[in-house]
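Colleague: Take a look at entry-v1.cif, mmCIF, C-alpha atoms and all ligand atoms:
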data_data
#
loop_
_atom_site.label_atom_id
_atom_site.label_comp_id
_atom_site.auth_asym_id
_atom_site.auth_seq_id
_atom_site.Cartn_x
_atom_site.Cartn_y
_atom_site.Cartn_z
CA MET A 256 -119.79 -13.77 118.36
CA ALA A 257 -116.18 -14.27 117.48
CA TYR A 258 -113.77 -16.89 118.68
CA ASN A 259 -110.18 -16.20 119.51
CA ASP A 260 -108.92 -19.61 120.25
CA SER A 261 -105.74 -20.74 118.51
CA GLU A 262 -106.28 -24.22 119.96
CA VAL A 263 -109.39 -24.65 117.86
CA PHE A 264 -108.49 -22.58 114.83
CA PRO A 265 -105.45 -23.23 112.68
CA THR A 266 -103.26 -20.52 111.16
CA GLN A 267 -104.52 -19.89 107.66
CA VAL A 268 -102.38 -18.82 104.77
CA LYS A 269 -103.37 -18.13 101.22
CA ILE A 270 -101.44 -18.42 97.99
CA LEU A 271 -102.86 -17.36 94.64
CA ILE A 272 -102.38 -19.24 91.40
CA ALA A 273 -102.72 -16.75 88.57
CA GLY A 274 -102.20 -16.53 84.85
CA GLY A 275 -104.16 -16.33 81.65
CA PHE A 276 -107.01 -18.52 80.53
CA GLY A 277 -106.10 -22.16 79.85
CA VAL A 278 -102.61 -21.89 81.32
CA GLY A 279 -103.23 -24.67 83.84
CA LYS A 280 -104.45 -22.91 87.00
CA THR A 281 -107.27 -25.36 87.72
CA THR A 282 -104.93 -28.26 86.97
CA PHE A 283 -102.26 -26.85 89.30
CA VAL A 284 -104.67 -26.33 92.20
CA GLY A 285 -106.05 -29.83 91.72
CA ALA A 286 -102.62 -31.46 91.65
CA ALA A 287 -101.34 -29.65 94.74
CA SER A 288 -104.46 -29.98 96.85
CA GLU A 289 -105.01 -32.74 99.39
CA ILE A 290 -108.75 -32.44 98.91
CA GLU A 291 -110.65 -32.78 95.69
CA PRO A 292 -110.25 -29.36 94.17
CA LEU A 293 -113.36 -27.45 94.99
CA ASN A 294 -115.12 -25.18 92.69
CA THR A 295 -117.30 -22.39 93.86
CA GLU A 296 -118.88 -19.41 92.30
CA GLU A 297 -118.92 -15.76 93.04
CA LEU A 298 -121.82 -13.63 91.96
CA ILE A 299 -121.01 -10.85 89.64
CA THR A 300 -123.34 -7.96 89.78
CA ALA A 301 -123.28 -5.01 87.47
CA ALA A 302 -122.05 -2.93 90.38
CA SER A 303 -119.04 -5.13 91.01
CA ILE A 304 -117.61 -4.74 87.54
CA GLY A 305 -118.54 -1.13 86.96
CA VAL A 306 -121.58 -0.48 84.86
CA ASP A 307 -119.65 1.63 82.37
CA SER A 308 -117.80 -1.33 81.00
CA LEU A 309 -120.92 -3.31 80.28
CA SER A 310 -123.33 -3.44 77.43
CA GLY A 311 -127.02 -2.90 78.08
CA ILE A 312 -127.82 -6.58 78.41
CA GLU A 313 -125.15 -7.37 80.93
CA GLU A 314 -126.16 -4.44 83.08
CA LYS A 315 -129.36 -6.14 84.04
CA THR A 316 -127.98 -9.56 84.72
CA THR A 317 -126.09 -11.20 87.48
CA THR A 318 -123.69 -13.89 86.43
CA THR A 319 -121.25 -16.06 88.25
CA VAL A 320 -117.56 -16.69 87.92
CA ALA A 321 -115.97 -19.97 88.87
CA LEU A 322 -113.34 -19.94 91.54
CA ASP A 323 -111.28 -23.03 92.24
CA PHE A 324 -109.43 -23.68 95.38
CA GLY A 325 -107.55 -26.40 97.17
CA ARG A 326 -106.08 -26.98 100.59
CA ILE A 327 -102.88 -28.32 102.08
CA THR A 328 -102.97 -29.05 105.81
CA ILE A 329 -99.69 -28.92 107.66
CA GLU A 330 -100.89 -30.66 110.75
CA GLN A 331 -97.69 -30.65 112.77
CA HIS A 332 -97.50 -26.85 112.65
CA GLY A 333 -101.21 -26.11 112.86
CA ILE A 334 -101.23 -24.41 109.45
CA VAL A 335 -103.74 -24.68 106.66
CA LEU A 336 -102.57 -23.44 103.27
CA TYR A 337 -105.27 -22.48 100.80
CA LEU A 338 -104.66 -22.24 97.10
CA PHE A 339 -106.92 -20.04 95.04
CA GLY A 340 -106.96 -20.06 91.28
CA THR A 341 -107.73 -16.53 90.18
CA PRO A 342 -110.26 -16.02 87.43
CA GLY A 343 -108.38 -15.22 84.26
CA GLN A 344 -110.60 -12.84 82.43
CA GLU A 345 -109.94 -9.20 82.92
CA ARG A 346 -113.51 -8.31 83.71
CA PHE A 347 -113.34 -10.43 86.87
CA TRP A 348 -110.49 -8.50 88.30
CA PHE A 349 -112.57 -6.94 91.03
CA MET A 350 -112.36 -10.38 92.64
CA TRP A 351 -108.61 -10.25 92.72
CA ASP A 352 -108.84 -7.59 95.38
CA GLU A 353 -110.65 -9.82 97.83
CA LEU A 354 -108.50 -12.77 96.84
CA SER A 355 -105.22 -10.94 97.16
CA ALA A 356 -106.03 -9.32 100.49
CA GLY A 357 -103.88 -11.09 103.04
CA ALA A 358 -102.31 -13.39 100.44
CA LEU A 359 -98.87 -14.68 101.31
CA GLY A 360 -97.77 -14.60 97.71
CA ALA A 361 -98.61 -15.76 94.24
CA ILE A 362 -97.53 -18.10 91.49
CA VAL A 363 -98.01 -16.78 87.99
CA LEU A 364 -98.32 -19.67 85.57
CA ALA A 365 -96.94 -19.04 82.13
CA ASP A 366 -97.41 -20.91 78.89
CA THR A 367 -94.44 -20.20 76.62
CA ARG A 368 -96.68 -20.41 73.56
CA ARG A 369 -98.39 -17.22 74.67
CA LEU A 370 -96.41 -15.46 77.31
CA ASP A 371 -98.37 -12.25 76.86
CA ALA A 372 -101.34 -13.89 78.63
CA CYS A 373 -99.60 -13.49 81.97
CA PHE A 374 -98.59 -9.84 81.64
CA GLU A 375 -101.65 -8.66 83.48
CA ALA A 376 -101.11 -10.95 86.44
CA VAL A 377 -97.45 -9.87 86.68
CA ASP A 378 -98.49 -6.20 86.60
CA PHE A 379 -101.18 -6.76 89.20
CA PHE A 380 -98.87 -8.38 91.75
CA GLU A 381 -96.06 -5.93 91.08
CA SER A 382 -98.33 -2.95 91.62
CA ARG A 383 -99.69 -4.38 94.89
CA GLY A 384 -96.30 -5.36 96.23
CA ILE A 385 -97.32 -9.03 96.42
CA HIS A 386 -94.33 -11.33 96.07
CA PHE A 387 -94.62 -13.84 93.27
CA LEU A 388 -92.69 -16.16 91.07
CA VAL A 389 -93.29 -17.25 87.51
CA ALA A 390 -93.79 -20.97 86.97
CA VAL A 391 -93.48 -22.02 83.35
CA ASN A 392 -95.99 -24.78 82.75
CA GLU A 393 -94.34 -26.91 80.12
CA PHE A 394 -96.96 -28.16 77.75
CA ASP A 395 -96.08 -31.03 75.46
CA GLY A 396 -94.80 -29.79 72.15
CA SER A 397 -94.25 -26.25 73.30
CA PHE A 398 -90.97 -24.66 72.39
CA HIS A 399 -88.49 -24.86 75.22
CA TYR A 400 -87.40 -21.44 76.37
CA ASP A 401 -84.52 -20.63 78.56
CA PRO A 402 -85.77 -19.06 81.83
CA GLU A 403 -83.78 -15.92 81.03
CA GLU A 404 -85.60 -15.62 77.72
CA VAL A 405 -88.87 -15.77 79.64
CA ARG A 406 -87.54 -13.10 82.00
CA ALA A 407 -86.66 -10.84 79.13
CA ALA A 408 -89.98 -11.36 77.39
CA LEU A 409 -91.92 -10.58 80.56
CA GLU A 410 -89.55 -7.78 81.61
CA LEU A 411 -89.28 -9.41 85.02
CA HIS A 412 -87.15 -7.96 87.75
CA PRO A 413 -83.99 -10.05 88.30
CA ARG A 414 -85.12 -11.03 91.79
CA VAL A 415 -88.36 -12.67 90.57
CA PRO A 416 -87.67 -16.41 90.41
CA ILE A 417 -88.60 -18.43 87.35
CA VAL A 418 -89.19 -22.14 87.79
CA LEU A 419 -90.38 -24.87 85.48
CA CYS A 420 -93.33 -27.00 86.48
CA ASP A 421 -95.81 -29.55 85.33
CA ALA A 422 -99.20 -28.41 86.59
CA ARG A 423 -100.50 -31.99 86.46
CA ASP A 424 -97.94 -33.31 88.89
CA GLY A 425 -98.30 -33.08 92.67
CA ALA A 426 -94.58 -33.17 93.41
CA SER A 427 -93.86 -30.54 90.78
CA THR A 428 -96.55 -28.15 92.00
CA THR A 429 -95.42 -28.61 95.62
CA ALA A 430 -91.85 -27.84 94.53
CA ALA A 431 -93.10 -24.61 92.93
CA LEU A 432 -94.85 -23.70 96.20
CA ARG A 433 -91.62 -24.37 98.11
CA SER A 434 -89.72 -22.13 95.71
CA LEU A 435 -92.22 -19.36 96.42
CA ILE A 436 -91.78 -19.74 100.19
CA GLN A 437 -87.99 -19.71 99.76
CA HIS A 438 -88.33 -16.55 97.71
CA LEU A 439 -90.41 -14.97 100.47
CA LEU A 440 -87.79 -15.97 103.03
CA THR A 441 -85.05 -14.17 101.11
CA ALA A 442 -87.06 -10.97 101.42
CA VAL A 443 -87.37 -11.27 105.21
CA PRO A 444 -84.44 -9.88 107.18
CA SER A 445 -82.61 -12.59 109.13
CA PRO A 446 -83.09 -12.53 112.88
CA SER A 447 -80.10 -10.75 114.45
CA MET B 17 -134.91 -18.69 114.25
CA ASN B 18 -135.78 -15.28 113.01
CA MET B 19 -134.97 -14.93 109.38
CA PRO B 20 -134.05 -11.36 108.58
CA ALA B 21 -136.34 -9.77 106.01
CA ALA B 22 -135.19 -9.26 102.46
CA GLY B 23 -134.51 -5.61 103.25
CA ASP B 24 -133.32 -3.13 100.72
CA ASP B 25 -131.23 -5.50 98.68
CA GLU B 26 -132.33 -5.88 95.16
CA VAL B 27 -133.81 -9.18 94.20
CA TRP B 28 -132.08 -10.14 91.00
CA LEU B 29 -134.49 -11.81 88.71
CA ASP B 30 -134.09 -12.10 85.03
CA ASP B 31 -135.07 -14.48 82.31
CA ASP B 32 -131.60 -15.93 82.01
CA ALA B 33 -131.01 -16.38 85.71
CA GLY B 34 -131.74 -20.12 85.60
CA PRO B 35 -129.47 -21.65 88.21
CA LEU B 36 -129.51 -18.44 90.20
CA ILE B 37 -133.13 -18.74 91.18
CA ARG B 38 -132.54 -21.45 93.73
CA PRO B 39 -129.70 -19.73 95.53
CA TYR B 40 -131.73 -16.59 95.74
CA THR B 41 -134.70 -18.42 97.15
CA VAL B 42 -132.43 -19.88 99.78
CA SER B 43 -131.25 -16.48 100.93
CA ALA B 44 -134.68 -14.87 100.44
CA GLY B 45 -133.20 -12.64 97.79
CA ARG B 46 -130.64 -11.15 100.13
CA THR B 47 -127.16 -10.57 98.88
CA ARG B 48 -125.65 -8.80 101.85
CA PRO B 49 -124.70 -10.76 104.95
CA THR B 50 -125.32 -9.22 108.37
CA VAL B 51 -121.87 -10.27 109.57
CA ASP B 52 -118.69 -9.42 107.68
CA LEU B 53 -117.32 -12.68 106.34
CA ASP B 54 -114.24 -13.31 104.24
CA LEU B 55 -113.65 -16.26 101.91
CA LEU B 56 -111.31 -17.63 104.54
CA SER B 57 -113.35 -16.78 107.63
CA LEU B 58 -113.56 -19.97 109.64
CA MET B 59 -116.98 -21.12 110.69
CA ILE B 60 -117.70 -23.51 113.53
CA ALA B 61 -121.04 -24.82 114.76
CA THR B 62 -121.82 -24.15 118.39
CA ALA B 63 -123.93 -26.50 120.47
CA LYS B 64 -127.04 -24.46 119.74
CA THR B 65 -129.53 -25.73 117.18
CA PRO B 66 -132.18 -23.12 116.58
CA LYS B 67 -135.68 -24.25 115.72
CA GLY B 68 -137.27 -23.64 112.37
CA MET B 69 -134.15 -23.69 110.25
CA ASP B 70 -134.16 -24.30 106.54
CA PRO B 71 -132.52 -27.47 105.24
CA GLU B 72 -129.70 -25.27 103.92
CA HIS B 73 -128.99 -23.95 107.38
CA HIS B 74 -128.90 -27.50 108.72
CA LYS B 75 -126.56 -28.53 105.97
CA ALA B 76 -124.22 -25.61 106.67
CA LEU B 77 -124.13 -26.47 110.36
CA GLY B 78 -123.33 -30.06 109.50
CA LEU B 79 -120.38 -28.95 107.38
CA CYS B 80 -118.93 -26.89 110.21
CA ARG B 81 -118.49 -29.42 113.03
CA THR B 82 -114.81 -28.55 112.75
CA PRO B 83 -113.60 -25.10 111.66
CA THR B 84 -114.38 -24.76 107.96
CA SER B 85 -113.74 -21.84 105.64
CA VAL B 86 -116.54 -19.94 103.95
CA ALA B 87 -115.04 -20.94 100.59
CA GLU B 88 -115.32 -24.62 101.44
CA VAL B 89 -118.87 -24.34 102.73
CA SER B 90 -119.79 -22.55 99.51
CA ALA B 91 -118.27 -25.26 97.35
CA HIS B 92 -119.84 -28.13 99.27
CA MET B 93 -123.26 -26.49 99.24
CA ARG B 94 -122.92 -25.58 95.58
CA LEU B 95 -124.03 -22.07 96.32
CA PRO B 96 -122.34 -18.86 95.22
CA VAL B 97 -120.07 -17.34 97.83
CA ALA B 98 -122.31 -14.31 98.32
CA VAL B 99 -125.36 -16.47 99.04
CA THR B 100 -123.36 -18.75 101.34
CA LYS B 101 -122.23 -15.73 103.33
CA VAL B 102 -125.84 -14.68 103.88
CA LEU B 103 -126.79 -18.13 105.17
CA LEU B 104 -123.77 -18.34 107.45
CA ALA B 105 -124.38 -14.85 108.79
CA ASP B 106 -127.94 -15.92 109.72
CA LEU B 107 -126.45 -18.76 111.75
CA VAL B 108 -123.99 -16.44 113.47
CA ASP B 109 -126.87 -14.06 114.27
CA CYS B 110 -128.76 -16.79 116.10
CA GLU B 111 -125.58 -18.06 117.77
CA ALA B 112 -125.69 -21.45 116.11
CA MET B 113 -122.28 -20.65 114.65
CA ALA B 114 -119.18 -18.82 115.68
CA THR B 115 -116.69 -17.32 113.30
CA ARG B 116 -113.09 -16.25 113.28
CA ALA B 117 -111.89 -13.76 110.73
CA PRO B 118 -108.58 -14.54 109.02
CA ARG B 119 -105.60 -12.55 110.17
CA SER B 120 -105.29 -9.21 108.49
CA THR B 121 -101.56 -9.66 107.90
CA SER B 122 -100.50 -12.07 105.21
CA GLY B 123 -97.59 -13.61 107.07
CA ALA B 124 -95.28 -12.84 104.16
CA THR B 125 -92.73 -11.33 106.53
CA ASP B 126 -93.19 -13.85 109.33
CA ARG B 127 -90.00 -15.89 109.17
CA VAL B 128 -91.17 -18.48 111.69
CA LEU B 129 -94.37 -19.09 109.76
CA LEU B 130 -92.50 -19.32 106.44
CA GLU B 131 -90.05 -21.84 107.85
CA LYS B 132 -92.89 -23.96 109.20
CA LEU B 133 -94.52 -23.86 105.77
CA LEU B 134 -91.33 -24.88 104.07
CA ASP B 135 -90.89 -27.73 106.51
CA GLY B 136 -94.49 -28.86 106.03
CA LEU B 137 -94.24 -28.74 102.24
CA GLN B 138 -91.03 -30.75 102.36
CA ARG B 139 -93.00 -33.86 103.16
CA PHE B 140 -95.07 -33.87 100.02
N1 LIG C 1 -99.78 -31.29 78.36
C1 LIG C 1 -100.12 -30.53 79.41
N2 LIG C 1 -101.40 -30.14 79.51
C2 LIG C 1 -101.77 -29.39 80.56
C3 LIG C 1 -100.82 -29.00 81.54
N3 LIG C 1 -101.45 -28.22 82.45
C4 LIG C 1 -102.73 -28.12 82.06
N4 LIG C 1 -102.94 -28.84 80.92
C5 LIG C 1 -104.19 -28.94 80.18
O1 LIG C 1 -104.51 -27.65 79.67
C6 LIG C 1 -105.90 -27.41 79.73
C7 LIG C 1 -106.21 -26.12 80.50
O2 LIG C 1 -105.84 -26.28 81.85
P1 LIG C 1 -106.67 -25.60 83.03
O3 LIG C 1 -106.05 -26.05 84.31
O4 LIG C 1 -108.13 -25.82 82.90
O5 LIG C 1 -106.36 -24.06 82.79
P2 LIG C 1 -106.94 -22.76 83.51
O6 LIG C 1 -107.86 -22.09 82.55
O7 LIG C 1 -105.74 -21.90 83.77
O8 LIG C 1 -107.62 -23.18 84.78
C8 LIG C 1 -106.52 -28.62 80.37
O9 LIG C 1 -107.05 -29.43 79.34
C9 LIG C 1 -105.36 -29.31 81.05
O10 LIG C 1 -105.54 -30.71 81.11
C10 LIG C 1 -99.45 -29.45 81.40
O11 LIG C 1 -98.59 -29.16 82.20
N5 LIG C 1 -99.17 -30.21 80.31
MG MG C 2 -109.65 -22.93 85.29
#
Would you put the structure from the file into structure tokens?
Ligand SMILES: Nc1nc2c(ncn2[C@@H]2O[C@H](COP(=O)(O)OP(=O)(O)O)[C@@H](O)[C@H]2O)c(=O)[nH]1
Ligand SMILES: [Mg+2]

Modeller:
Amino acid sequence: MAYNDSEVFPTQVKILIAGGFGVGKTTFVGAASEIEPLNTEELITAASIGVDSLSGIEEKTTTTVALDFGRITIEQHGIVLYLFGTPGQERFWFMWDELSAGALGAIVLADTRRLDACFEAVDFFESRGIHFLVAVNEFDGSFHYDPEEVRAALELHPRVPIVLCDARDGASTTAALRSLIQHLLTAVPSPS
Amino acid sequence: MNMPAAGDDEVWLDDDAGPLIRPYTVSAGRTRPTVDLDLLSLMIATAKTPKGMDPEHHKALGLCRTPTSVAEVSAHMRLPVAVTKVLLADLVDCEAMATRAPRSTSGATDRVLLEKLLDGLQRF
């Protein structure tokens, strides 16, 4: 039984928050979300990751990977925006496929102390044609880079926006989300 | 309600499973839902309350008085997504729940939608 009633069901959109381990994804989702950030788990079976890449022990076990997500309800337009933090470790990448299916776009968080940690996320979104921007999460005491230095280091296309943000701050994370939407709008042809 | 049998799915049991044992008991060892559900599929309880439900089924119904995503149900029930999907699919099977799949298009090229989003995010 499936419903098809736009009166009852809001329009759902999904934005991914990606980046390497410890870059502030969970913090970002928590700061932007109107609800307590929720944490759920996905089961990882040997089959999901490809048995070849596993040692003998892991083959027999099922483990879980944490997945955090938040929600922003835009009541007046009947839209619910979901934010999903993508699991950082490479071996959980099979999950990125389900997560990125139907995603509006993505924010790749970068920590200037180890920019290389976000290479994989950048490659992933580029190869899938998912629009994204890079948000530099400025940790205290980290060296301040010019956005163009970050662009050069990450070999980012000139059209990929780079913004600064503080993942702990609601206004800052919302501003980063707005920048992503504005970026998406520039890619949509204007109505003639 | 008729609980589907464990079927061909493997029951994952191992010494280290620990916290996994409970979830698997809840879904009778099943890992494959009978209805295709996405993380963002919206679930809503219908007026039907089947007899003989597990407490977990009751709890899931209670969480879905208004349309609620599979991801949220999973988090509130503290069950892995895969197990949650099995439970929710049971409830769809016995018509205690209805579901709506998320749109297959992302909306990334939908100017009207993007402008509404921008407007909505302006207020935060
Ligand atoms: N100083 C500072 N610390 C941050 C910032 N963002 C995150 N953190 C901290 O960095 C650590 C890792 O953040 P977390 O969100 O868990 O990273 P994740 O692995 O990407 O989910 C946590 O202890 C956060 O409190 C930030 O903007 N500034
Ligand atoms: Mg995290």

Colleague: Ligand LIG 1 (chain C): which residues are within 6 Å, counting only C-alpha atoms and all ligand atoms? Reply as an MDAnalysis selection string.

Modeller: chainID A and resid 276:282 392:395 421:423

Colleague: Please report, as JSON lines, each residue of chain A lying at most 12 Å from ligand MG 2 (chain C), together with the nearest pair of atoms and the separation in Å rounded to one decimal; use all atoms listed in the file, and order rows by chain and ascending residue number.

Modeller:
{"residue": "A:Ile272", "atom": "CA", "partner": "C:MG2", "partner_atom": "MG", "distance": 10.2}
{"residue": "A:Ala273", "atom": "CA", "partner": "C:MG2", "partner_atom": "MG", "distance": 9.8}
{"residue": "A:Gly274", "atom": "CA", "partner": "C:MG2", "partner_atom": "MG", "distance": 9.8}
{"residue": "A:Gly275", "atom": "CA", "partner": "C:MG2", "partner_atom": "MG", "distance": 9.3}
{"residue": "A:Phe276", "atom": "CA", "partner": "C:MG2", "partner_atom": "MG", "distance": 7.0}
{"residue": "A:Gly277", "atom": "CA", "partner": "C:MG2", "partner_atom": "MG", "distance": 6.5}
{"residue": "A:Val278", "atom": "CA", "partner": "C:MG2", "partner_atom": "MG", "distance": 8.1}
{"residue": "A:Gly279", "atom": "CA", "partner": "C:MG2", "partner_atom": "MG", "distance": 6.8}
{"residue": "A:Lys280", "atom": "CA", "partner": "C:MG2", "partner_atom": "MG", "distance": 5.5}
{"residue": "A:Thr281", "atom": "CA", "partner": "C:MG2", "partner_atom": "MG", "distance": 4.2}
{"residue": "A:Thr282", "atom": "CA", "partner": "C:MG2", "partner_atom": "MG", "distance": 7.3}
{"residue": "A:Phe283", "atom": "CA", "partner": "C:MG2", "partner_atom": "MG", "distance": 9.3}
{"residue": "A:Val284", "atom": "CA", "partner": "C:MG2", "partner_atom": "MG", "distance": 9.2}
{"residue": "A:Gly285", "atom": "CA", "partner": "C:MG2", "partner_atom": "MG", "distance": 10.1}
{"residue": "A:Pro292", "atom": "CA", "partner": "C:MG2", "partner_atom": "MG", "distance": 11.0}
{"residue": "A:Leu293", "atom": "CA", "partner": "C:MG2", "partner_atom": "MG", "distance": 11.3}
{"residue": "A:Asn294", "atom": "CA", "partner": "C:MG2", "partner_atom": "MG", "distance": 9.5}
{"residue": "A:Thr295", "atom": "CA", "partner": "C:MG2", "partner_atom": "MG", "distance": 11.5}
{"residue": "A:Val320", "atom": "CA", "partner": "C:MG2", "partner_atom": "MG", "distance": 10.4}
{"residue": "A:Ala321", "atom": "CA", "partner": "C:MG2", "partner_atom": "MG", "distance": 7.8}
{"residue": "A:Leu322", "atom": "CA", "partner": "C:MG2", "partner_atom": "MG", "distance": 7.8}
{"residue": "A:Asp323", "atom": "CA", "partner": "C:MG2", "partner_atom": "MG", "distance": 7.1}
{"residue": "A:Phe324", "atom": "CA", "partner": "C:MG2", "partner_atom": "MG", "distance": 10.1}
{"residue": "A:Phe339", "atom": "CA", "partner": "C:MG2", "partner_atom": "MG", "distance": 10.5}
{"residue": "A:Gly340", "atom": "CA", "partner": "C:MG2", "partner_atom": "MG", "distance": 7.2}
{"residue": "A:Thr341", "atom": "CA", "partner": "C:MG2", "partner_atom": "MG", "distance": 8.3}
{"residue": "A:Pro342", "atom": "CA", "partner": "C:MG2", "partner_atom": "MG", "distance": 7.3}
{"residue": "A:Gly343", "atom": "CA", "partner": "C:MG2", "partner_atom": "MG", "distance": 7.9}
{"residue": "A:Gln344", "atom": "CA", "partner": "C:MG2", "partner_atom": "MG", "distance": 10.5}
{"residue": "A:Leu364", "atom": "CA", "partner": "C:MG2", "partner_atom": "MG", "distance": 11.8}
{"residue": "A:Ala422", "atom": "CA", "partner": "C:MG2", "partner_atom": "MG", "distance": 11.9}

Colleague: Can you write out as JSON lines which residues of chain B fall within 7 Å of chain A, alongside each residue's closest atom pair and its distance in Å to one decimal, counting all atoms listed in the file and ordering rows by chain and ascending residue number?

Modeller:
{"residue": "B:Asp30", "atom": "CA", "partner": "A:Thr316", "partner_atom": "CA", "distance": 6.6}
{"residue": "B:Pro83", "atom": "CA", "partner": "A:Phe264", "partner_atom": "CA", "distance": 6.5}
{"residue": "B:Ser90", "atom": "CA", "partner": "A:Thr295", "partner_atom": "CA", "distance": 6.2}
{"residue": "B:Ala91", "atom": "CA", "partner": "A:Thr295", "partner_atom": "CA", "distance": 4.6}
{"residue": "B:Arg94", "atom": "CA", "partner": "A:Thr295", "partner_atom": "CA", "distance": 6.7}
{"residue": "B:Pro96", "atom": "CA", "partner": "A:Glu296", "partner_atom": "CA", "distance": 4.6}
{"residue": "B:Val97", "atom": "CA", "partner": "A:Glu297", "partner_atom": "CA", "distance": 5.2}
{"residue": "B:Ala98", "atom": "CA", "partner": "A:Leu298", "partner_atom": "CA", "distance": 6.4}
{"residue": "B:Val108", "atom": "CA", "partner": "A:Met256", "partner_atom": "CA", "distance": 7.0}
{"residue": "B:Ala114", "atom": "CA", "partner": "A:Ala257", "partner_atom": "CA", "distance": 5.7}
{"residue": "B:Thr115", "atom": "CA", "partner": "A:Ala257", "partner_atom": "CA", "distance": 5.2}
{"residue": "B:Arg116", "atom": "CA", "partner": "A:Tyr258", "partner_atom": "CA", "distance": 5.5}
{"residue": "B:Pro118", "atom": "CA", "partner": "A:Gln267", "partner_atom": "CA", "distance": 6.9}
{"residue": "B:Ser120", "atom": "CA", "partner": "A:Gly357", "partner_atom": "CA", "distance": 5.9}
{"residue": "B:Thr121", "atom": "CA", "partner": "A:Gly357", "partner_atom": "CA", "distance": 5.6}
{"residue": "B:Ser122", "atom": "CA", "partner": "A:Gly357", "partner_atom": "CA", "distance": 4.1}
{"residue": "B:Gly123", "atom": "CA", "partner": "A:Leu359", "partner_atom": "CA", "distance": 6.0}
{"residue": "B:Ala124", "atom": "CA", "partner": "A:Leu359", "partner_atom": "CA", "distance": 4.9}
{"residue": "B:Thr125", "atom": "CA", "partner": "A:Val443", "partner_atom": "CA", "distance": 5.5}
{"residue": "B:Arg127", "atom": "CA", "partner": "A:Leu440", "partner_atom": "CA", "distance": 6.5}
{"residue": "B:Leu130", "atom": "CA", "partner": "A:Ile436", "partner_atom": "CA", "distance": 6.3}
{"residue": "B:Lys132", "atom": "CA", "partner": "A:His332", "partner_atom": "CA", "distance": 6.4}
{"residue": "B:Leu134", "atom": "CA", "partner": "A:Arg433", "partner_atom": "CA", "distance": 6.0}
{"residue": "B:Gly136", "atom": "CA", "partner": "A:Ile329", "partner_atom": "CA", "distance": 5.4}
{"residue": "B:Leu137", "atom": "CA", "partner": "A:Arg433", "partner_atom": "CA", "distance": 6.6}
{"residue": "B:Phe140", "atom": "CA", "partner": "A:Ala426", "partner_atom": "CA", "distance": 6.7}

Colleague: Generate a file of the selected residues that holds C-alpha atoms, formatted as a PDB file, keeping the file's coordinate frame.

Modeller:
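What ended up in part.pdb:
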ATOM      1  CA  ASP B  30    -134.090 -12.100  85.030  1.00  0.00           C
ATOM      2  CA  PRO B  83    -113.600 -25.100 111.660  1.00  0.00           C
ATOM      3  CA  SER B  90    -119.790 -22.550  99.510  1.00  0.00           C
ATOM      4  CA  ALA B  91    -118.270 -25.260  97.350  1.00  0.00           C
ATOM      5  CA  ARG B  94    -122.920 -25.580  95.580  1.00  0.00           C
ATOM      6  CA  PRO B  96    -122.340 -18.860  95.220  1.00  0.00           C
ATOM      7  CA  VAL B  97    -120.070 -17.340  97.830  1.00  0.00           C
ATOM      8  CA  ALA B  98    -122.310 -14.310  98.320  1.00  0.00           C
ATOM      9  CA  VAL B 108    -123.990 -16.440 113.470  1.00  0.00           C
ATOM     10  CA  ALA B 114    -119.180 -18.820 115.680  1.00  0.00           C
ATOM     11  CA  THR B 115    -116.690 -17.320 113.300  1.00  0.00           C
ATOM     12  CA  ARG B 116    -113.090 -16.250 113.280  1.00  0.00           C
ATOM     13  CA  PRO B 118    -108.580 -14.540 109.020  1.00  0.00           C
ATOM     14  CA  SER B 120    -105.290  -9.210 108.490  1.00  0.00           C
ATOM     15  CA  THR B 121    -101.560  -9.660 107.900  1.00  0.00           C
ATOM     16  CA  SER B 122    -100.500 -12.070 105.210  1.00  0.00           C
ATOM     17  CA  GLY B 123     -97.590 -13.610 107.070  1.00  0.00           C
ATOM     18  CA  ALA B 124     -95.280 -12.840 104.160  1.00  0.00           C
ATOM     19  CA  THR B 125     -92.730 -11.330 106.530  1.00  0.00           C
ATOM     20  CA  ARG B 127     -90.000 -15.890 109.170  1.00  0.00           C
ATOM     21  CA  LEU B 130     -92.500 -19.320 106.440  1.00  0.00           C
ATOM     22  CA  LYS B 132     -92.890 -23.960 109.200  1.00  0.00           C
ATOM     23  CA  LEU B 134     -91.330 -24.880 104.070  1.00  0.00           C
ATOM     24  CA  GLY B 136     -94.490 -28.860 106.030  1.00  0.00           C
ATOM     25  CA  LEU B 137     -94.240 -28.740 102.240  1.00  0.00           C
ATOM     26  CA  PHE B 140     -95.070 -33.870 100.020  1.00  0.00           C
TER      27      PHE B 140
END

Colleague: Might you pull out every residue within 12 Å of Phe379 of chain A, with only C-alpha atoms counted and same-chain residues fewer than 3 positions away left off, and present them as a list of chain:residue names?

Modeller: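 Answer for this query is A:Ala273, A:Gly274, A:Thr341, A:Glu345, A:Trp348, A:Phe349, A:Trp351, A:Asp352, A:Ser355, A:Ala361, A:Val363, A:Cys373, A:Phe374, A:Glu375, A:Ala376, A:Ser382, A:Arg383, A:Gly384, A:Ile385, A:His386, A:Phe387.
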
Colleague: Mind checking which residues fall within 7 Å of segment 63-75 of chain B, counting all atoms listed in the file, ignoring those fewer than 2 positions away in the same chain, and posting them as a list in words?

Modeller: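 Answer for this query is Met17, Ala61, Leu77, Gly78, Leu79, Leu103, Glu111 and Ala112 of chain B.
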
Colleague: Between atom CA of Arg368 of chain A and atom CA of Val405 of chain A, what distance in Å does the model show, to one decimal?

Modeller: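 Between atom CA of Arg368 of chain A and atom CA of Val405 of chain A the gap is 10.9 Å.
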
Colleague: Would you give the centre and edge lengths, in Å to one decimal, of a box along x, y and z around the listed atoms of segment 358-365 of chain A, with 4 Å added to each side, as JSON?

Modeller:
{"center_x": -99.6, "center_y": -16.5, "center_z": 91.7, "size_x": 13.4, "size_y": 14.3, "size_z": 27.2}
